[in-house]
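Everything on this sheet refers to the single structure shown next.
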Amino acid sequence: MIGLLQRVRSARVEVEGEVIGAIDQGLLVLTAVQKGDDEARANRLLERLLSYRVFADDSGRMNRSLVDVAGGLLLVPQFTLAADTKKGRRASFTSAAAPAEGERLFHLLLERAHQCHRPVASGRFGADMQVSLTNDGPVTFWLES
């Protein structure tokens, strides 16, 4: 699984003009499921998202995790992160999981996030979403599990 995390001051997701998920300070994570991903990889990605040190401590160093700062987690499914862009002018999505499997593992990730962290919000799998954010830093990391 891929998680493109961005440290944000706030972020929200809209579908058809309705806000379906929003957080204040925390992490916006665009998430993609690849072929061969499984529950163990989803669990590992969540563990890394919650514990990855991207927030400043009292000295200004990135030494605090999402859990440490009690920040929000906004998970947004984005299969295009699994694109192969090495050649040509159009992305290939052969490495992306099939839609049903991608949706299953995204919902598993979301469910487990709700079980061990608050607040958690999400986008909607397969929807045309508008994502707004105020990036903090900017700080952006690409995580794979």
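Naming works like this for the structure tokens: A, B, ... for the chains as they're shown, residue 1 at the start of each chain, ligands 1 onward in shown order.
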Exercise for the section: Enumerate the residues of chain A with a DSSP assignment of helix (DSSP H, G or I), computed from the backbone, and present them as a PyMOL selection string. Expected result: chain A and resi 39-51+66-69+79-82+99-116
Prev. selection, N, CA and C atoms, output as a CSV table (one decimal), in the first residue's frame:
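Saved as out-v4.csv:
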chain,number,residue,atom,x,y,z
A,39,GLU,N,-4.0,-7.5,4.2
A,39,GLU,CA,-4.3,-6.9,5.5
A,39,GLU,C,-3.1,-6.6,6.3
A,40,ALA,N,-2.0,-7.4,6.2
A,40,ALA,CA,-0.8,-7.1,6.9
A,40,ALA,C,-0.2,-5.8,6.5
A,41,ARG,N,-0.2,-5.5,5.2
A,41,ARG,CA,0.3,-4.3,4.6
A,41,ARG,C,-0.5,-3.1,5.1
A,42,ALA,N,-1.9,-3.3,5.1
A,42,ALA,CA,-2.7,-2.2,5.6
A,42,ALA,C,-2.4,-1.9,7.0
A,43,ASN,N,-2.3,-2.9,7.8
A,43,ASN,CA,-1.9,-2.7,9.3
A,43,ASN,C,-0.6,-2.0,9.4
A,44,ARG,N,0.4,-2.4,8.6
A,44,ARG,CA,1.7,-1.8,8.7
A,44,ARG,C,1.6,-0.3,8.3
A,45,LEU,N,0.9,0.0,7.2
A,45,LEU,CA,0.8,1.4,6.8
A,45,LEU,C,0.1,2.2,7.9
A,46,LEU,N,-0.9,1.7,8.5
A,46,LEU,CA,-1.6,2.5,9.6
A,46,LEU,C,-0.6,2.7,10.8
A,47,GLU,N,0.1,1.7,11.1
A,47,GLU,CA,1.1,1.8,12.2
A,47,GLU,C,2.1,2.9,11.9
A,48,ARG,N,2.6,3.0,10.7
A,48,ARG,CA,3.5,4.0,10.3
A,48,ARG,C,2.9,5.4,10.3
A,49,LEU,N,1.6,5.5,9.8
A,49,LEU,CA,1.0,6.8,9.7
A,49,LEU,C,0.8,7.4,11.1
A,50,LEU,N,0.4,6.5,12.1
A,50,LEU,CA,0.2,7.0,13.4
A,50,LEU,C,1.5,7.3,14.2
A,51,SER,N,2.6,6.7,13.8
A,51,SER,CA,3.8,6.9,14.6
A,51,SER,C,4.9,7.6,13.9
A,66,LEU,N,1.6,11.7,15.0
A,66,LEU,CA,0.2,12.1,15.0
A,66,LEU,C,-0.4,11.8,16.3
A,67,VAL,N,-0.1,10.6,16.9
A,67,VAL,CA,-0.6,10.2,18.2
A,67,VAL,C,-0.1,11.2,19.2
A,68,ASP,N,1.1,11.6,19.2
A,68,ASP,CA,1.7,12.5,20.2
A,68,ASP,C,1.0,13.9,20.2
A,69,VAL,N,0.6,14.4,19.0
A,69,VAL,CA,-0.1,15.7,19.0
A,69,VAL,C,-1.6,15.6,19.0
A,79,PHE,N,-6.4,5.8,-6.3
A,79,PHE,CA,-5.7,4.7,-7.0
A,79,PHE,C,-4.6,5.2,-7.9
A,80,THR,N,-4.7,6.5,-8.4
A,80,THR,CA,-3.7,7.0,-9.3
A,80,THR,C,-2.3,7.0,-8.8
A,81,LEU,N,-2.1,6.9,-7.4
A,81,LEU,CA,-0.8,6.9,-6.9
A,81,LEU,C,-0.1,5.6,-7.3
A,82,ALA,N,-0.8,4.6,-7.7
A,82,ALA,CA,-0.2,3.3,-8.1
A,82,ALA,C,0.1,3.3,-9.6
A,99,PRO,N,-10.5,-2.8,-8.4
A,99,PRO,CA,-11.4,-1.9,-7.6
A,99,PRO,C,-12.0,-2.6,-6.4
A,100,ALA,N,-12.5,-3.8,-6.5
A,100,ALA,CA,-13.1,-4.4,-5.3
A,100,ALA,C,-12.1,-4.7,-4.2
A,101,GLU,N,-10.9,-5.1,-4.6
A,101,GLU,CA,-9.9,-5.4,-3.6
A,101,GLU,C,-9.4,-4.0,-3.0
A,102,GLY,N,-9.2,-3.0,-3.8
A,102,GLY,CA,-8.8,-1.7,-3.4
A,102,GLY,C,-9.8,-1.2,-2.4
A,103,GLU,N,-11.1,-1.3,-2.7
A,103,GLU,CA,-12.1,-0.8,-1.8
A,103,GLU,C,-12.1,-1.5,-0.5
A,104,ARG,N,-11.9,-2.9,-0.5
A,104,ARG,CA,-11.9,-3.7,0.7
A,104,ARG,C,-10.8,-3.3,1.6
A,105,LEU,N,-9.6,-3.2,1.0
A,105,LEU,CA,-8.4,-2.8,1.9
A,105,LEU,C,-8.5,-1.4,2.4
A,106,PHE,N,-9.0,-0.5,1.5
A,106,PHE,CA,-9.1,0.9,2.0
A,106,PHE,C,-10.1,1.0,3.2
A,107,HIS,N,-11.2,0.3,3.1
A,107,HIS,CA,-12.2,0.3,4.2
A,107,HIS,C,-11.6,-0.5,5.5
A,108,LEU,N,-10.8,-1.5,5.2
A,108,LEU,CA,-10.1,-2.1,6.4
A,108,LEU,C,-9.2,-1.1,7.1
A,109,LEU,N,-8.4,-0.4,6.3
A,109,LEU,CA,-7.5,0.6,6.8
A,109,LEU,C,-8.3,1.6,7.6
A,110,LEU,N,-9.4,2.1,7.1
A,110,LEU,CA,-10.2,3.1,7.7
A,110,LEU,C,-10.8,2.6,9.0
A,111,GLU,N,-11.3,1.4,9.0
A,111,GLU,CA,-12.0,0.8,10.2
A,111,GLU,C,-10.9,0.6,11.3
A,112,ARG,N,-9.8,0.1,10.9
A,112,ARG,CA,-8.7,0.0,12.0
A,112,ARG,C,-8.3,1.3,12.5
A,113,ALA,N,-8.2,2.3,11.6
A,113,ALA,CA,-7.8,3.7,12.1
A,113,ALA,C,-8.9,4.2,13.1
A,114,HIS,N,-10.2,4.0,12.8
A,114,HIS,CA,-11.2,4.4,13.8
A,114,HIS,C,-11.1,3.6,15.1
A,115,GLN,N,-10.6,2.4,15.1
A,115,GLN,CA,-10.5,1.6,16.3
A,115,GLN,C,-9.4,2.1,17.2
A,116,CYS,N,-8.3,2.8,16.7
A,116,CYS,CA,-7.2,3.1,17.5
A,116,CYS,C,-6.8,4.6,17.5
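Proximity of A:Pro138, A:Gly36, A:Gly126, A:Gly71 to A:Gln6, computed with only C-alpha atoms, is greatest for A:Pro138.
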Practice task
Could you please determine the separation between atom CA of A:Asp136 and atom CA of A:Gly26 in Å, to one decimal place?
Solution key: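 Distance between the two atoms: 9.2 Å.
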Exercise for the section: Taking the DSSP assignment computed from this structure's backbone, write out as a PyMOL selection string all residues of stretch 39-137 of chain A that belong to strand (DSSP E or B). Expected result: chain A and resi 55-56+62-64+72-77+84+92+96+120-122+129-137
Would you write out those residues with N, CA and C atoms, as a compact mmCIF listing (two decimals), in the first residue's frame?
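Result file again17.txt:
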# COMPACT_ATOMS: atom_id res chain seq x y z
N PHE A 55 5.71 16.04 13.24
CA PHE A 55 5.31 17.26 13.93
C PHE A 55 6.45 17.74 14.82
N ALA A 56 6.58 19.05 14.93
CA ALA A 56 7.69 19.66 15.66
C ALA A 56 7.55 19.48 17.17
N MET A 62 11.32 17.65 13.96
CA MET A 62 10.21 16.74 13.70
C MET A 62 10.39 15.47 14.55
N ASN A 63 9.89 15.52 15.76
CA ASN A 63 10.04 14.41 16.70
C ASN A 63 8.72 13.92 17.27
N ARG A 64 7.61 14.49 16.83
CA ARG A 64 6.31 14.08 17.37
C ARG A 64 5.47 13.42 16.27
N GLY A 72 -5.68 15.04 13.72
CA GLY A 72 -6.66 14.35 12.90
C GLY A 72 -6.01 13.56 11.79
N LEU A 73 -6.70 12.53 11.35
CA LEU A 73 -6.26 11.69 10.23
C LEU A 73 -7.36 11.68 9.19
N LEU A 74 -7.05 12.17 7.99
CA LEU A 74 -8.01 12.18 6.89
C LEU A 74 -7.47 11.26 5.80
N LEU A 75 -8.11 10.11 5.62
CA LEU A 75 -7.71 9.12 4.62
C LEU A 75 -8.53 9.31 3.35
N VAL A 76 -7.84 9.44 2.23
CA VAL A 76 -8.51 9.66 0.94
C VAL A 76 -8.02 8.62 -0.05
N PRO A 77 -8.92 7.77 -0.58
CA PRO A 77 -8.49 6.78 -1.56
C PRO A 77 -8.11 7.45 -2.87
N ASP A 84 2.05 3.65 -13.08
CA ASP A 84 3.40 3.50 -13.63
C ASP A 84 3.56 4.63 -14.66
N SER A 92 0.01 4.07 -16.75
CA SER A 92 -0.52 2.71 -16.76
C SER A 92 -0.89 2.36 -15.32
N ALA A 96 -2.04 -1.24 -9.93
CA ALA A 96 -3.12 -0.95 -8.97
C ALA A 96 -3.96 -2.21 -8.74
N VAL A 120 -10.73 10.62 13.09
CA VAL A 120 -10.45 10.03 11.78
C VAL A 120 -11.60 10.40 10.86
N ALA A 121 -11.27 10.81 9.64
CA ALA A 121 -12.27 11.12 8.62
C ALA A 121 -11.78 10.51 7.31
N SER A 122 -12.65 10.50 6.30
CA SER A 122 -12.23 9.89 5.04
C SER A 122 -12.96 10.48 3.85
N MET A 129 -14.03 13.43 -5.93
CA MET A 129 -13.86 14.20 -4.70
C MET A 129 -13.10 15.49 -4.97
N GLN A 130 -13.42 16.50 -4.19
CA GLN A 130 -12.65 17.73 -4.18
C GLN A 130 -11.98 17.80 -2.81
N VAL A 131 -10.66 17.85 -2.83
CA VAL A 131 -9.88 17.84 -1.60
C VAL A 131 -9.25 19.21 -1.42
N SER A 132 -9.48 19.81 -0.26
CA SER A 132 -8.90 21.10 0.07
C SER A 132 -8.02 20.94 1.29
N LEU A 133 -6.90 21.65 1.30
CA LEU A 133 -6.02 21.55 2.45
C LEU A 133 -5.20 22.81 2.61
N THR A 134 -4.80 23.05 3.84
CA THR A 134 -3.80 24.05 4.14
C THR A 134 -2.58 23.28 4.60
N ASN A 135 -1.62 23.17 3.70
CA ASN A 135 -0.41 22.40 3.97
C ASN A 135 0.40 23.11 5.02
N ASP A 136 1.01 22.37 5.92
CA ASP A 136 1.80 22.92 7.00
C ASP A 136 3.26 22.59 6.76
N GLY A 137 4.02 23.55 6.29
CA GLY A 137 5.45 23.34 6.06
C GLY A 137 5.91 23.89 4.72
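Using only C-alpha atoms, the nearest neighbour of A:Ala98 within the list A:Val15, A:Lys35, A:Ile23, A:Arg9 is A:Lys35.
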